Amino acid sequence: MLLFFTLGLLIHFVFFASIFDIYFTSPLVHGMTPQFTPLPPPARRLVLFVADGLRADALYELDENGNSRAPFIRNIIMHEGSWGISHTRVPTESRPGHVALIAGFYEDVSAVAKGWKENPVEFDSLFNESKYTWSWGSPDILPMFAKGASGDHVYTYSYDAKREDFGAQDATKLDTWVFDNVKDFFHHARNNQSLFSKINEEKIVFFLHLLGIDTNGHAHRPSSRDYKHNIKKVDDGVKEIVSMFNHFYGNDGKTTFIFTSDHGMTDWGSHGAGHPSETLTPLVTWGAGIKYPQRVSAQQFDDAFLKEWRLENWKRLDVNQADIAPLMTSLIGVPFPLNSVGILPVDYLNNTDLFKAESMFTNAVQILEQFKVKMTQKKEVTLPFLFTPFKLLSDSKQFNILRKARSYIKHRKFDEVVSLCKELIHLALKGLSYYHTYDRFFLGVNVVIGFVGWISYASLLIIKSHSNLIKGVSKEVKKPSHLLPCSFVAIGILVAFFLLIQACPWTYYVYGLLPLPIWYAVLREFQVIQDLVVSVLTYPLSHFVGYLLAFTLGIEVLVLSFFYRYMLTAGLTAFAAWPFLTRLWTRAKMTSLSWTFFSLLLAVFPLMPVVGRKPDISLVMGAGLLVLLLSLCVVTSLMKRKDSFIKEELLVHLLQVLSTVLSMYVVYSTQSSLLRKQGLPLMNQIISWATLASSLVVPLLSSPVLFQRLFSILLSLMSTYLLLSTGYEALFPLVLSCLMFVWINIEQETLQQSGVCCKQKLTSIQFSYNTDITQFRQLYLDDIRRAFFLVFFLVTAFFGTGNIASINSFDLASVYCFLTVFSPFMMGALMMWKILIPFVLVMCAFEAVQLTTQLSSKSLFLIVLVISDIMALHFFFLVKDYGSWLDIGTRLWMLSDPGLDLNLLHAIRACISHYVIVMSMTIFLVFLNGLAQLLTTKKLRLCGKPKSHFM
């Protein structure tokens, strides 16, 4: 069995990794020729301001007094330049946003996951193509464009990462640092001849990354005075920098200024998903080569922003975020970034129609070059008779479009050139996608075949070794036939040869060959399959169909809960009615009522908002008080049982109560300190980390008696959870644990009702590492329900408060008791532990269920594995290569937003997250099961040798 679980774990790792190989490989290609507009550019230099985390509405709207909070930018819109909205793509994070802005392509998920500050994949950018680039700002953003640049012409100036403190007094100092250093740089240049000559070259870029707005948005939310005041500070700083540039260069009219943002921010201070507040960012351009403001009488847009912002008479020019890169390159005359997929927004250009046509033609050729390289690469590794070219853009069509465009330029039909080039670009982008996904069907089919085979084998193993369903299976060992293994070996050789002659990557061999041993193992159990069919045929048809429908309905409810969290509420409501549909109500009224009460109470949480809630420390304090009250009741009752509650264990419980009190104090004290902008107190930080470190050790000091150990685990984990909570979610583990305690009781009642075993007192049952295997029983039909309950409770633990959204959005308020200096990986790890705490509580309760029902964890785990894999197979067919982590469980409120893009809705419907979560849950169950066994069965003593406890 150990070998089976080891192989199963490896197979699931392969299935998990397959999603990235199939859907999330890098789309970048190399080997293209640089393309640039042959005509003289309008600008010698470009200044790029990126206000990190700035929403479009926050910049453009007027305040309650009818005044702009960014008067300088507003004046530019009305008198000097062009403006619009830059539409970003999910995930709306800083790294992919800056890559889209500066390199012109949308970074794939796998690349983002490989690194934060450096280039995980080699790509070209505006900075790399420039003669020189000087950049100032965050150490999290600047290095990723400097390291990948050829040569040493990209210079970065960053402040210390410790300055990115969300508990600091004034985050605007991050932006003030940038503005001051730019001024000092130009002051120094006047006295440094070498530097002076460099900054007077053409084709140079100055990049100012302004992080203060994003920091204030996370710490105080976009509606706060701090966020809005920071916008005013940035506006003042931009005004000073523009004035300095004009003065330094003698108002030569050769500087282009671009002001934009990498992403927006939600009302609750997060980003990463596809809400309009995150995807709509400002774009304001002025200076050399940029059109002056265009007055219009009416504009047609689906939103009402123009009227709200009182900009209906100034022409709004919207772009996709990646379109800004070709705009910047055309303005200073450098080659388009080789991997750019942006389409030049010619409406922003103030130049001749010839320049616009030539620039658009260059843009089309640059994207077509990527298509041709991608096609060549795929053609070289595919057998000629199997290669299917992209029919919409054949070689002859490419030639005809380019020839016709050149002819239009010659005959000065510039509008026709722009239209024709846009058509060519759209076809080339479709072709790029076609060749990028060329092998997707082949790989997907192999993974699905392997998945189905694994589910079949696990099901057969359950039926054969852990149930009494088949009683007529022959016990004689038959001599195996050589035909079956020889056939599979022959098929394996053919598959390997087919992959070899096409020079496929080694991962293709894994996906192509893995289904063979799995299906060989399935077909070896042909006798079991035959006996299963006979057994099913003898079963009453109505009962069989009823159980099958119930199982299917249960699976679909679980699947739908990933899209609609309220399905968890529906499921818990059905659970609440379960005792009344059985004989449990007549046998155990108090237990049944408790089950119903806590099921309905837990059902409330999925109806609460995933994100967007305001911090409410009073609810955290309330949860802490409930834990203390519960602790007092339990300790009082245990003290009466002198035979089982010794002084050492009383001391352990008192330490845990003290830890809960300290956690409540730290939460309240930290909140008060941050409100006063005094930062995170050092003592609070020490207590928080000490509580976290001890939370997995202290329960091992308690008694291994079932109830006492589970209560000790709850107390320890709740102390940590309180430190990581900001509102109603602090109550969630408490309610969940109460339901788990009732579940243990009700499962024991259910098993006694079926006559399988006699009821034992929970106060007399002890967790034991060495369990008598002879006590284990075979699986019954009702055990499928127990396994389903476990999976349902695990999904509820995951989505009950929507905490997975916090991982994506970095809901930083949740970790302020531990740290306030920006550290994405440490903050992400803390949030992940917050998510796992309810998982651990459910798994520990399940250990108790297995113990009280005398059920082998291995047999029940197989059922859980089958249920999880069926769910994963559902999501495998729904995966798309766009979307965000926050799309999980939030589709309902997003669908109610009429301004949401249709493509995003498809992303929500079929996101990578669903598949990854289910596969991760399956893999993590092995480790969580081990952690639960450790927490429930191990016993440490405050002094002396460890003492073992047996049943």
# chains A, B, ... in the order shown; residues from 1 in each chain; ligands from 1

call {"tool": "residues_around", "arguments": {"residues": "stretch 359-362 of chain A", "least_positions_apart": "3", "cutoff": "7 Å", "atoms": "only C-alpha atoms", "output": "ChimeraX atom specification"}}
result
/A:35-37,330,344,355-356,365-366,418,421

call {"tool": "residues_around", "arguments": {"residues": "stretch 219-225 of chain A", "least_positions_apart": "2", "cutoff": "9 Å", "atoms": "only C-alpha atoms", "output": "list in words"}}
result
Leu54, Arg55, Ala58, Phe166, Gly167, Ile213, Asp214, Thr215, Asn216, Gly217, Tyr227, Lys228, His229, Asn230, Met265, Thr266, Asp267, Trp268, Gly269, Ser270, Leu812 and Ala813 of chain A

call {"tool": "atom_distance", "arguments": {"atom1": "atom CA of A:Ile449", "atom2": "atom CA of A:Pro517"}}
result
11.6 Å

call {"tool": "residues_around", "arguments": {"residues": "A:Val346", "least_positions_apart": "3", "cutoff": "12 Å", "atoms": "only C-alpha atoms", "output": "MDAnalysis selection string"}}
result
chainID A and resid 82 289:291 317:319 323:324 326:328 330:331 342:343 349:361 363 414:415 417:419 421:422

call {"tool": "write_last_selection", "arguments": {"atoms": "C-alpha atoms", "output": "PDB file, in the first residue's frame"}}
result
ATOM      1  CA  SER A  82      -4.051  63.347 -25.196  1.00  0.00           C
ATOM      2  CA  GLY A 289       4.914  63.868 -31.198  1.00  0.00           C
ATOM      3  CA  ILE A 290       1.696  63.815 -29.141  1.00  0.00           C
ATOM      4  CA  LYS A 291      -1.599  65.240 -30.351  1.00  0.00           C
ATOM      5  CA  LEU A 317      -8.501  57.507 -26.605  1.00  0.00           C
ATOM      6  CA  ASP A 318      -8.523  54.065 -24.970  1.00  0.00           C
ATOM      7  CA  VAL A 319      -5.739  51.535 -25.515  1.00  0.00           C
ATOM      8  CA  ASP A 323      -0.110  49.185 -26.952  1.00  0.00           C
ATOM      9  CA  ILE A 324       1.838  51.761 -24.924  1.00  0.00           C
ATOM     10  CA  PRO A 326       4.973  50.527 -29.529  1.00  0.00           C
ATOM     11  CA  LEU A 327       3.722  54.087 -28.924  1.00  0.00           C
ATOM     12  CA  MET A 328       6.828  54.921 -26.904  1.00  0.00           C
ATOM     13  CA  SER A 330       7.780  55.087 -32.344  1.00  0.00           C
ATOM     14  CA  LEU A 331       8.061  58.420 -30.521  1.00  0.00           C
ATOM     15  CA  GLY A 342       0.944  45.783 -28.878  1.00  0.00           C
ATOM     16  CA  ILE A 343      -0.792  47.658 -31.687  1.00  0.00           C
ATOM     17  CA  LEU A 349       0.502  60.677 -32.705  1.00  0.00           C
ATOM     18  CA  ASN A 350       0.905  64.261 -33.845  1.00  0.00           C
ATOM     19  CA  ASN A 351       2.875  63.671 -37.011  1.00  0.00           C
ATOM     20  CA  THR A 352       2.477  63.324 -40.749  1.00  0.00           C
ATOM     21  CA  ASP A 353       0.180  60.700 -42.183  1.00  0.00           C
ATOM     22  CA  LEU A 354       3.259  59.196 -43.834  1.00  0.00           C
ATOM     23  CA  PHE A 355       4.927  58.745 -40.434  1.00  0.00           C
ATOM     24  CA  LYS A 356       1.797  57.083 -39.043  1.00  0.00           C
ATOM     25  CA  ALA A 357       1.542  54.743 -42.034  1.00  0.00           C
ATOM     26  CA  GLU A 358       5.235  53.803 -41.918  1.00  0.00           C
ATOM     27  CA  SER A 359       5.079  53.245 -38.153  1.00  0.00           C
ATOM     28  CA  MET A 360       1.997  51.052 -38.512  1.00  0.00           C
ATOM     29  CA  PHE A 361       3.668  49.102 -41.311  1.00  0.00           C
ATOM     30  CA  ASN A 363       4.491  47.405 -36.273  1.00  0.00           C
ATOM     31  CA  PHE A 414      -2.362  56.319 -45.643  1.00  0.00           C
ATOM     32  CA  ASP A 415      -5.701  55.488 -44.004  1.00  0.00           C
ATOM     33  CA  VAL A 417      -2.359  51.409 -44.951  1.00  0.00           C
ATOM     34  CA  VAL A 418      -3.292  51.697 -41.284  1.00  0.00           C
ATOM     35  CA  SER A 419      -6.446  49.616 -41.771  1.00  0.00           C
ATOM     36  CA  CYS A 421      -1.765  46.688 -41.276  1.00  0.00           C
ATOM     37  CA  LYS A 422      -4.196  46.283 -38.391  1.00  0.00           C
TER      38      LYS A 422
END

call {"tool": "select_by_dssp", "arguments": {"residues": "stretch 103-346 of chain A", "states": "helix (DSSP H, G or I)", "output": "ChimeraX atom specification"}}
result
/A:103,109-114,126-129,142-146,161-163,173-189,193-198,212-220,225-248,276-279,305-309,321-332,346

call {"tool": "atom_distance", "arguments": {"atom1": "atom CA of A:Ser659", "atom2": "atom CA of A:Gly828"}}
result
23.8 Å

call {"tool": "residues_around", "arguments": {"residues": "A:Leu62", "least_positions_apart": "2", "cutoff": "12 Å", "atoms": "only C-alpha atoms", "output": "VMD selection string"}}
result
chain A and resid 56 to 60 64 to 71 74 228 305 to 311
